[in-house]
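S.K.: Sharing upload.cif here; it has mmCIF, C-alpha atoms and all ligand atoms.
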```
data_start
loop_
_atom_site.label_atom_id
_atom_site.label_comp_id
_atom_site.auth_asym_id
_atom_site.auth_seq_id
_atom_site.Cartn_x
_atom_site.Cartn_y
_atom_site.Cartn_z
CA MET A 21 36.75 -95.63 -62.25
CA THR A 22 38.97 -92.62 -62.81
CA PHE A 23 39.44 -89.82 -60.32
CA ASP A 24 37.66 -87.48 -62.75
CA SER A 25 34.57 -89.67 -62.92
CA PHE A 26 34.53 -89.86 -59.11
CA LEU A 27 34.69 -86.05 -59.01
CA THR A 28 31.71 -85.94 -61.37
CA ILE A 29 29.73 -88.12 -58.95
CA VAL A 30 30.64 -85.74 -56.12
CA GLN A 31 29.61 -82.69 -58.17
CA GLU A 32 26.32 -84.20 -59.30
CA ARG A 33 25.25 -86.18 -56.23
CA ALA A 34 26.85 -84.79 -53.05
CA TRP A 35 24.36 -82.01 -52.44
CA PHE A 36 21.36 -84.27 -53.13
CA SER A 37 22.76 -86.93 -50.82
CA PHE A 38 23.34 -84.41 -48.02
CA THR A 39 19.89 -82.82 -48.33
CA TYR A 40 18.16 -86.22 -48.59
CA ASP A 41 19.65 -87.46 -45.31
CA LEU A 42 19.21 -84.08 -43.65
CA GLY A 43 15.59 -84.07 -44.80
CA ARG A 44 15.05 -87.56 -43.34
CA TYR A 45 16.47 -86.39 -40.02
CA LEU A 46 14.54 -83.10 -39.91
CA ILE A 47 11.24 -84.71 -40.95
CA GLY A 48 11.62 -87.70 -38.57
CA ALA A 49 12.66 -85.59 -35.58
CA SER A 50 10.04 -82.88 -36.29
CA LEU A 51 7.24 -85.46 -36.57
CA ILE A 52 8.12 -87.14 -33.27
CA ALA A 53 8.80 -83.79 -31.54
CA ALA A 54 5.39 -82.49 -32.71
CA LEU A 55 3.68 -85.70 -31.57
CA VAL A 56 5.32 -85.47 -28.13
CA TRP A 57 4.47 -81.75 -27.89
CA ALA A 58 0.81 -82.54 -28.62
CA LEU A 59 0.65 -85.54 -26.24
CA LYS A 60 2.12 -83.43 -23.43
CA ARG A 61 -1.03 -81.33 -23.72
CA THR A 62 -3.31 -84.32 -23.11
CA PRO A 63 -4.12 -86.28 -19.92
CA ILE A 64 -1.29 -88.73 -20.68
CA LYS A 65 1.33 -86.00 -20.32
CA ALA A 66 2.70 -87.87 -17.27
CA ARG A 67 4.36 -90.32 -19.67
CA THR A 68 7.24 -87.87 -19.93
CA ILE A 69 9.89 -90.34 -18.77
CA GLN A 70 12.27 -88.09 -16.82
CA ASN A 71 11.56 -85.18 -14.50
CA ARG A 72 14.67 -83.50 -15.87
CA SER A 73 14.14 -81.42 -19.01
CA ALA A 74 16.52 -81.14 -21.96
CA LYS A 75 18.03 -77.66 -22.10
CA ALA A 76 18.09 -75.46 -25.21
CA LYS A 77 21.89 -75.78 -25.38
CA ASP A 78 21.57 -79.59 -25.36
CA ILE A 79 19.13 -79.51 -28.27
CA ALA A 80 21.38 -77.05 -30.16
CA ARG A 81 24.36 -79.43 -29.69
CA GLU A 82 22.25 -82.39 -30.83
CA VAL A 83 21.01 -80.64 -33.98
CA LEU A 84 24.45 -79.30 -34.93
CA SER A 85 26.21 -82.62 -34.41
CA SER A 86 23.41 -84.42 -36.28
CA ILE A 87 24.05 -82.11 -39.26
CA ARG A 88 27.75 -83.01 -39.01
CA SER A 89 26.79 -86.74 -39.01
CA VAL A 90 24.68 -86.16 -42.13
CA ALA A 91 27.76 -84.60 -43.79
CA VAL A 92 29.76 -87.74 -42.91
CA TYR A 93 26.96 -89.89 -44.39
CA ALA A 94 27.07 -87.80 -47.58
CA VAL A 95 30.84 -88.37 -47.96
CA VAL A 96 30.42 -92.15 -47.53
CA SER A 97 27.45 -92.09 -49.92
CA MET A 98 29.75 -90.83 -52.68
CA PHE A 99 31.77 -94.05 -52.39
CA VAL A 100 28.59 -96.15 -52.28
CA ILE A 101 27.29 -94.45 -55.44
CA ALA A 102 30.70 -95.02 -57.07
CA GLY A 103 30.39 -98.69 -56.02
CA PHE A 104 27.06 -98.92 -57.85
CA GLU A 105 28.53 -97.19 -60.92
CA VAL A 106 31.38 -99.69 -61.23
CA GLY A 107 29.08 -102.64 -60.53
CA TYR A 108 30.48 -103.58 -57.11
CA PHE A 109 27.03 -102.98 -55.60
CA LYS A 110 23.88 -103.96 -57.46
CA GLY A 111 20.31 -102.73 -57.14
CA MET A 112 17.12 -104.48 -58.16
CA PRO A 113 13.43 -103.68 -58.56
CA SER A 114 10.65 -104.87 -56.26
CA GLN A 115 10.35 -108.66 -56.03
CA GLY A 116 6.71 -108.58 -54.94
CA LEU A 117 5.30 -107.53 -51.59
CA LEU A 118 5.98 -110.73 -49.63
CA ILE A 119 9.59 -111.10 -50.77
CA ASP A 120 10.21 -107.38 -50.25
CA LEU A 121 8.87 -107.70 -46.69
CA ALA A 122 11.24 -110.63 -46.09
CA TYR A 123 14.15 -108.46 -47.29
CA LEU A 124 12.97 -105.66 -44.99
CA ALA A 125 12.80 -108.02 -42.00
CA ALA A 126 16.29 -109.33 -42.82
CA ILE A 127 17.88 -105.89 -43.08
CA LEU A 128 16.23 -104.74 -39.83
CA LEU A 129 17.46 -107.86 -38.00
CA ALA A 130 20.96 -107.43 -39.44
CA HIS A 131 21.04 -103.73 -38.55
CA ASP A 132 19.83 -104.47 -35.02
CA ALA A 133 22.66 -106.99 -34.54
CA TYR A 134 25.18 -104.56 -36.07
CA PHE A 135 23.93 -101.75 -33.83
CA TYR A 136 23.97 -103.87 -30.66
CA TRP A 137 27.53 -105.09 -31.11
CA THR A 138 29.08 -101.87 -32.40
CA HIS A 139 27.26 -99.91 -29.69
CA ARG A 140 28.45 -102.31 -27.01
CA ALA A 141 32.00 -102.18 -28.40
CA MET A 142 31.95 -98.36 -28.34
CA HIS A 143 31.21 -98.56 -24.60
CA HIS A 144 34.57 -100.24 -24.07
CA PRO A 145 36.65 -97.77 -22.00
CA LYS A 146 39.35 -97.65 -24.73
CA LEU A 147 36.80 -96.69 -27.43
CA PHE A 148 34.17 -94.74 -25.50
CA GLY A 149 35.96 -91.37 -25.46
CA HIS A 150 36.89 -91.54 -29.15
CA PHE A 151 33.53 -92.66 -30.52
CA HIS A 152 30.54 -92.60 -28.23
CA SER A 153 30.97 -90.09 -25.39
CA HIS A 154 29.53 -87.29 -27.53
CA HIS A 155 26.22 -89.15 -27.91
CA HIS A 156 26.12 -89.59 -24.14
CA LYS A 157 26.46 -85.90 -23.43
CA THR A 158 22.69 -86.25 -23.76
CA ILE A 159 21.20 -87.36 -20.44
CA THR A 160 17.61 -86.45 -21.30
CA PRO A 161 17.08 -87.58 -24.92
CA THR A 162 14.94 -85.66 -27.40
CA PRO A 163 14.04 -86.68 -30.97
CA TRP A 164 16.88 -84.36 -32.06
CA THR A 165 19.41 -86.71 -30.37
CA ALA A 166 18.93 -89.23 -33.21
CA TYR A 167 22.15 -88.46 -35.13
CA SER A 168 24.04 -86.71 -32.34
CA PHE A 169 27.28 -88.59 -32.95
CA ASP A 170 30.98 -87.82 -32.99
CA VAL A 171 32.57 -88.19 -36.46
CA GLY A 172 33.95 -91.66 -35.62
CA GLU A 173 30.56 -92.92 -34.44
CA ALA A 174 28.84 -91.47 -37.54
CA LEU A 175 31.32 -93.46 -39.68
CA VAL A 176 30.59 -96.65 -37.74
CA MET A 177 26.84 -96.05 -38.12
CA VAL A 178 26.91 -95.36 -41.86
CA ALA A 179 29.28 -98.28 -42.55
CA PHE A 180 26.39 -100.70 -42.13
CA MET A 181 24.96 -99.79 -45.53
CA PRO A 182 28.00 -100.61 -47.75
CA LEU A 183 28.62 -103.73 -45.63
CA TRP A 184 25.06 -104.95 -46.18
CA LEU A 185 25.12 -104.07 -49.89
CA SER A 186 28.39 -106.01 -50.29
CA PHE A 187 26.58 -109.21 -49.33
CA VAL A 188 22.93 -108.72 -50.26
CA VAL A 189 21.47 -107.35 -53.50
CA THR A 190 18.40 -105.57 -52.12
CA PRO A 191 15.29 -104.16 -53.83
CA ASN A 192 15.62 -100.37 -54.04
CA GLY A 193 12.23 -99.75 -52.38
CA VAL A 194 13.28 -101.90 -49.41
CA LEU A 195 16.33 -99.67 -48.87
CA PHE A 196 14.12 -96.56 -48.83
CA ALA A 197 11.65 -98.21 -46.41
CA PHE A 198 14.58 -99.29 -44.19
CA LEU A 199 15.99 -95.74 -44.07
CA ALA A 200 12.54 -94.34 -43.18
CA ILE A 201 11.93 -96.92 -40.43
CA MET A 202 15.46 -96.42 -39.07
CA ILE A 203 15.10 -92.67 -38.54
CA LEU A 204 11.56 -92.97 -37.14
CA ARG A 205 12.53 -95.68 -34.62
CA ASN A 206 15.66 -93.71 -33.74
CA CYS A 207 13.62 -90.56 -33.02
CA MET A 208 11.02 -92.60 -31.10
CA GLY A 209 13.75 -94.20 -28.98
CA HIS A 210 15.01 -90.73 -28.06
CA ALA A 211 11.54 -89.15 -27.67
CA GLY A 212 11.81 -88.78 -23.88
CA PHE A 213 8.12 -89.68 -23.73
CA GLU A 214 6.83 -93.27 -23.67
CA LEU A 215 4.95 -93.77 -26.93
CA HIS A 216 4.21 -97.49 -26.58
CA PRO A 217 1.03 -98.83 -24.96
CA ARG A 218 0.97 -100.21 -21.44
CA TRP A 219 0.42 -103.82 -22.55
CA TRP A 220 3.58 -103.78 -24.77
CA LEU A 221 5.80 -105.88 -22.52
CA ALA A 222 3.01 -108.29 -21.53
CA ASN A 223 2.34 -109.28 -25.13
CA PRO A 224 4.65 -112.10 -26.35
CA LEU A 225 4.80 -110.56 -29.83
CA THR A 226 5.54 -106.93 -28.96
CA ARG A 227 7.79 -107.41 -25.92
CA TRP A 228 10.70 -108.11 -28.30
CA ILE A 229 10.32 -104.67 -29.87
CA SER A 230 12.15 -101.88 -28.07
CA THR A 231 10.39 -98.98 -26.35
CA THR A 232 11.34 -95.40 -25.57
CA THR A 233 11.90 -96.29 -21.90
CA HIS A 234 14.37 -98.99 -23.02
CA HIS A 235 16.79 -96.53 -24.66
CA ASP A 236 16.01 -93.76 -22.17
CA LEU A 237 17.33 -96.02 -19.40
CA HIS A 238 20.57 -96.36 -21.39
CA HIS A 239 20.99 -92.57 -21.44
CA CYS A 240 19.91 -91.63 -17.93
CA GLY A 241 22.12 -93.67 -15.72
CA SER A 242 23.02 -97.19 -16.80
CA PHE A 243 25.52 -97.22 -19.63
CA GLY A 244 26.07 -100.94 -19.02
CA HIS A 245 22.58 -101.94 -20.17
CA ASN A 246 20.14 -101.70 -23.09
CA TYR A 247 22.44 -101.52 -26.13
CA GLY A 248 19.75 -102.71 -28.61
CA PHE A 249 17.98 -100.57 -31.20
CA TYR A 250 14.81 -102.04 -32.78
CA PHE A 251 14.56 -105.17 -30.66
CA THR A 252 15.36 -106.30 -27.13
CA PHE A 253 16.45 -109.88 -27.80
CA TRP A 254 20.20 -109.23 -28.00
CA ASP A 255 20.05 -107.56 -24.60
CA LYS A 256 17.99 -110.44 -23.22
CA LEU A 257 20.29 -113.06 -24.78
CA MET A 258 23.51 -111.40 -23.62
CA GLY A 259 22.22 -110.48 -20.15
CA THR A 260 22.54 -106.72 -20.75
CA GLU A 261 18.89 -105.78 -20.38
CA HIS A 262 18.43 -103.31 -17.55
CA PRO A 263 17.19 -105.34 -14.56
CA ARG A 264 14.53 -102.72 -13.83
CA TYR A 265 13.44 -102.17 -17.44
CA ALA A 266 10.01 -103.84 -17.13
CA GLU A 267 9.41 -102.21 -13.76
CA ARG A 268 10.34 -98.77 -15.10
CA PHE A 269 8.20 -99.21 -18.24
CA THR A 270 5.22 -100.26 -16.12
CA GLU A 271 5.78 -97.32 -13.78
CA VAL A 272 5.91 -94.81 -16.66
CA THR A 273 2.89 -96.22 -18.48
CA SER A 274 0.82 -96.62 -15.29
CA ARG A 275 1.14 -93.05 -14.11
CA PRO A 276 -2.14 -91.37 -13.28
CA LEU A 277 -3.64 -89.28 -16.03
CA GLU A 278 -3.21 -86.08 -14.02
CA GLY A 279 0.15 -85.08 -12.50
CA TRP A 280 2.92 -87.42 -11.40
CA GLY A 281 1.00 -89.58 -8.92
CA ALA A 282 2.16 -90.56 -5.47
CA GLU A 283 5.70 -91.61 -6.37
CA PRO A 284 7.59 -89.27 -8.65
CA PRO A 285 10.27 -91.05 -10.68
CA THR A 286 13.76 -90.63 -9.36
CA GLN A 287 16.59 -89.64 -11.65
CA PRO A 288 20.27 -90.39 -11.20
CA SER A 289 22.60 -87.48 -10.71
CA ARG A 290 25.37 -86.70 -13.19
CA ALA A 291 27.78 -88.14 -10.59
CA SER A 292 26.00 -91.49 -10.58
CA VAL A 293 26.02 -91.47 -14.38
CA ALA A 294 29.79 -91.08 -14.26
CA VAL A 295 30.13 -93.90 -11.73
CA SER A 296 27.90 -96.11 -13.84
CA ASN A 297 30.05 -95.42 -16.86
CA GLN A 298 33.21 -96.30 -14.96
CA SER A 299 31.76 -99.66 -14.05
CA ALA A 300 30.30 -100.40 -17.50
ZN ZN B 401 20.88 -92.70 -27.77
ZN ZN B 402 25.56 -95.84 -25.52
#
```
Mind turning this structure into structure tokens?

M.R.:
Amino acid sequence: MTFDSFLTIVQERAWFSFTYDLGRYLIGASLIAALVWALKRTPIKARTIQNRSAKAKDIAREVLSSIRSVAVYAVVSMFVIAGFEVGYFKGMPSQGLLIDLAYLAAILLAHDAYFYWTHRAMHHPKLFGHFHSHHHKTITPTPWTAYSFDVGEALVMVAFMPLWLSFVVTPNGVLFAFLAIMILRNCMGHAGFELHPRWWLANPLTRWISTTTHHDLHHCGSFGHNYGFYFTFWDKLMGTEHPRYAERFTEVTSRPLEGWGAEPPTQPSRASVAVSNQSA
């Protein structure tokens, strides 16, 4: 591929790529934000996980840095598109529903493993400040936190796609479904409001799927736990699941329908967050 043909790809595809990913973010975050807004006006409003509220300046930072992440994704997408053009990456049509679902399960499992280990690595004291501290400026997550990354972290996040495509030729529809599920689960994990039913952790099938409380606990005080994204098994396997995760989930989902109940949830101070980070 010549430099000129790469420039043509940029001219023809960069804006579409940017608006596609921005659209995914805005639609995903708006849907979950609207759902949470509506649920907070029902008797289950007590499922708001933290007493602390996100401030307008926090949401503004999250939205602006998410737009910056989308710009990073668009730059990387130009190289991915070039990879398809020269035949390094290959696409393929649907292989039938069952096989497509198997591909979808495989990419979700691979992305969960990739997320767990890169996320855990970015908590290493030597990497945290360069990659991941920006995301953790958020103590009370909102759906808008989904792509609130520093440039380095956005690069790590988007790198999964070319890595996966280098090894696995994947049906095009599966890639679209994966991108849709990824942003929805990301926004749900940052919703700040427990969206999963009370029986979730008691059921042997669903307890492996992450909840909002799971990632909320990672943001609001214990940086040394709950690194997973879609599933909880890496955290269980590696002993990094928050020891009070089940207790906290049960507490949030058992709150009385009106008000906070007898025992309001306690939140760590910013100081304890800092201490927790030091020890992580
Ligand atoms: Zn987060
Ligand atoms: Zn983290």

S.K.: Which one of A:Phe148, A:Trp184, A:Tyr40, A:Phe213 sits closest to Thr162 in chain A if you count all atoms listed in the file?

M.R.: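 Once distances to Thr162 in chain A are computed over all atoms listed in the file, the minimum belongs to A:Phe213.
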
S.K.: Mind pulling up the distance from CA of Phe196 in chain A to CA of Arg33 in chain A?

M.R.: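 Straight-line distance from CA of Arg33 in chain A to CA of Phe196 in chain A works out to 16.9 Å.
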
S.K.: If the limit is 7 Å from any atom of ligand ZN 402 (chain B), counting all atoms listed in the file, which residues qualify? Return them as a PyMOL selection string.

M.R.: chain A and resi 139+143+152+156+238-239+243+247

S.K.: Kindly provide the residues of chain A that approach ligand ZN 401 (chain B) to within 9 Å, each paired with its closest atom pair and their distance in Å to one decimal, based on all atoms listed in the file, listed by chain and increasing number, as JSON lines.

M.R.:
```
{"residue": "A:His155", "atom": "CA", "partner": "B:ZN401", "partner_atom": "ZN", "distance": 6.4}
{"residue": "A:His156", "atom": "CA", "partner": "B:ZN401", "partner_atom": "ZN", "distance": 7.1}
{"residue": "A:Thr158", "atom": "CA", "partner": "B:ZN401", "partner_atom": "ZN", "distance": 7.8}
{"residue": "A:Pro161", "atom": "CA", "partner": "B:ZN401", "partner_atom": "ZN", "distance": 7.0}
{"residue": "A:Thr165", "atom": "CA", "partner": "B:ZN401", "partner_atom": "ZN", "distance": 6.7}
{"residue": "A:Ala166", "atom": "CA", "partner": "B:ZN401", "partner_atom": "ZN", "distance": 6.7}
{"residue": "A:Tyr167", "atom": "CA", "partner": "B:ZN401", "partner_atom": "ZN", "distance": 8.6}
{"residue": "A:Ser168", "atom": "CA", "partner": "B:ZN401", "partner_atom": "ZN", "distance": 8.2}
{"residue": "A:Asn206", "atom": "CA", "partner": "B:ZN401", "partner_atom": "ZN", "distance": 8.0}
{"residue": "A:Gly209", "atom": "CA", "partner": "B:ZN401", "partner_atom": "ZN", "distance": 7.4}
{"residue": "A:His210", "atom": "CA", "partner": "B:ZN401", "partner_atom": "ZN", "distance": 6.2}
{"residue": "A:His235", "atom": "CA", "partner": "B:ZN401", "partner_atom": "ZN", "distance": 6.4}
{"residue": "A:Asp236", "atom": "CA", "partner": "B:ZN401", "partner_atom": "ZN", "distance": 7.5}
{"residue": "A:His238", "atom": "CA", "partner": "B:ZN401", "partner_atom": "ZN", "distance": 7.4}
{"residue": "A:His239", "atom": "CA", "partner": "B:ZN401", "partner_atom": "ZN", "distance": 6.3}
```

S.K.: Counting all atoms listed in the file, figure out which residue out of A:Lys256, A:Arg67, A:Arg72, A:Arg275 gets nearest to Thr160 in chain A.

M.R.: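 Closest to Thr160 in chain A of all the choices is A:Arg72.
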
S.K.: Mind giving me the straight-line distance from CA of His262 in chain A to CA of Met177 in chain A in Å, one decimal?

M.R.: 23.4 Å

S.K.: Name all residues at most 9 Å from range 115-127 of chain A (count only C-alpha atoms; drop same-chain ones fewer than 4 positions away) and give them as a ChimeraX atom specification.

M.R.: /A:131-132,184,190-191,193-195,197-198

S.K.: Quick check, in Å to one decimal: how far apart do CA of Gly212 in chain A and CA of Ile159 in chain A lie?

M.R.: 10.1 Å

S.K.: Could you tell me which of A:Leu51, A:Thr233, A:Tyr250, A:Phe23 comes closest to Ile69 in chain A if we count all atoms listed in the file?

M.R.: A:Thr233

S.K.: Pick out the closest residue to Met181 in chain A from this set: A:Thr252, A:Thr260, A:Ser97, A:Thr226. Count all atoms listed in the file.

M.R.: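 Distance minimum relative to Met181 in chain A lands on A:Ser97.
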
S.K.: List the spatial neighbours of Val90 in chain A as a PyMOL selection string - criterion: any atom at most 10 Å away, all atoms listed in the file, same-chain residues fewer than 3 positions off excluded.

M.R.: chain A and resi 37-45+84-87+93-96+167-169+171+174+178

S.K.: Generate a file of the selected residues that holds C-alpha atoms, formatted as a PDB file, in the coordinates of the input.

M.R.:
```pdb
ATOM      1  CA  SER A  37      22.760 -86.930 -50.820  1.00  0.00           C
ATOM      2  CA  PHE A  38      23.340 -84.410 -48.020  1.00  0.00           C
ATOM      3  CA  THR A  39      19.890 -82.820 -48.330  1.00  0.00           C
ATOM      4  CA  TYR A  40      18.160 -86.220 -48.590  1.00  0.00           C
ATOM      5  CA  ASP A  41      19.650 -87.460 -45.310  1.00  0.00           C
ATOM      6  CA  LEU A  42      19.210 -84.080 -43.650  1.00  0.00           C
ATOM      7  CA  GLY A  43      15.590 -84.070 -44.800  1.00  0.00           C
ATOM      8  CA  ARG A  44      15.050 -87.560 -43.340  1.00  0.00           C
ATOM      9  CA  TYR A  45      16.470 -86.390 -40.020  1.00  0.00           C
ATOM     10  CA  LEU A  84      24.450 -79.300 -34.930  1.00  0.00           C
ATOM     11  CA  SER A  85      26.210 -82.620 -34.410  1.00  0.00           C
ATOM     12  CA  SER A  86      23.410 -84.420 -36.280  1.00  0.00           C
ATOM     13  CA  ILE A  87      24.050 -82.110 -39.260  1.00  0.00           C
ATOM     14  CA  TYR A  93      26.960 -89.890 -44.390  1.00  0.00           C
ATOM     15  CA  ALA A  94      27.070 -87.800 -47.580  1.00  0.00           C
ATOM     16  CA  VAL A  95      30.840 -88.370 -47.960  1.00  0.00           C
ATOM     17  CA  VAL A  96      30.420 -92.150 -47.530  1.00  0.00           C
ATOM     18  CA  TYR A 167      22.150 -88.460 -35.130  1.00  0.00           C
ATOM     19  CA  SER A 168      24.040 -86.710 -32.340  1.00  0.00           C
ATOM     20  CA  PHE A 169      27.280 -88.590 -32.950  1.00  0.00           C
ATOM     21  CA  VAL A 171      32.570 -88.190 -36.460  1.00  0.00           C
ATOM     22  CA  ALA A 174      28.840 -91.470 -37.540  1.00  0.00           C
ATOM     23  CA  VAL A 178      26.910 -95.360 -41.860  1.00  0.00           C
TER      24      VAL A 178
END
```

S.K.: Tell me, as a PDB file with C-alpha atoms, keeping the file's coordinate frame, which residues lie within 7 Å of Ile79 in chain A, counting all atoms listed in the file; anything in the same chain fewer than 4 positions away does not count.

M.R.:
```pdb
ATOM      1  CA  LYS A  75      18.030 -77.660 -22.100  1.00  0.00           C
ATOM      2  CA  VAL A  83      21.010 -80.640 -33.980  1.00  0.00           C
ATOM      3  CA  TRP A 164      16.880 -84.360 -32.060  1.00  0.00           C
TER       4      TRP A 164
END
```

S.K.: Residues at most 9 Å from Ala102 in chain A, counting only C-alpha atoms, excluding those fewer than 6 positions away in the same chain, as a ChimeraX atom specification?

M.R.: /A:21,25-26,29,108-109

S.K.: Please produce an output containing C-alpha atoms for each residue in the selection, written as a PDB file, in the coordinates of the input.

M.R.:
```pdb
ATOM      1  CA  MET A  21      36.750 -95.630 -62.250  1.00  0.00           C
ATOM      2  CA  SER A  25      34.570 -89.670 -62.920  1.00  0.00           C
ATOM      3  CA  PHE A  26      34.530 -89.860 -59.110  1.00  0.00           C
ATOM      4  CA  ILE A  29      29.730 -88.120 -58.950  1.00  0.00           C
ATOM      5  CA  TYR A 108      30.480-103.580 -57.110  1.00  0.00           C
ATOM      6  CA  PHE A 109      27.030-102.980 -55.600  1.00  0.00           C
TER       7      PHE A 109
END
```

S.K.: Extract, using all atoms listed in the file, all DNA, RNA and protein residues at most 7 Å from Phe251 in chain A, discarding same-chain residues fewer than 2 positions from it, and format them as JSON, numbers by chain.

M.R.: {"A": [132, 228, 229, 230, 248, 249, 253]}

S.K.: Given the choices A:Ala49, A:Leu128, A:Ala34, A:Ala54, which gets closest to Val100 in chain A if the distance is worked out from all atoms listed in the file?

M.R.: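 With all atoms listed in the file as the atom set, the closest residue is A:Ala34.
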
S.K.: So, counting only C-alpha atoms, which residue among A:Val189, A:Leu277, A:Ala76, A:Leu183 is closest to Ser114 in chain A?

M.R.: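 Of A:Val189, A:Leu277, A:Ala76, A:Leu183, the one nearest Ser114 in chain A, counting only C-alpha atoms, is A:Val189.
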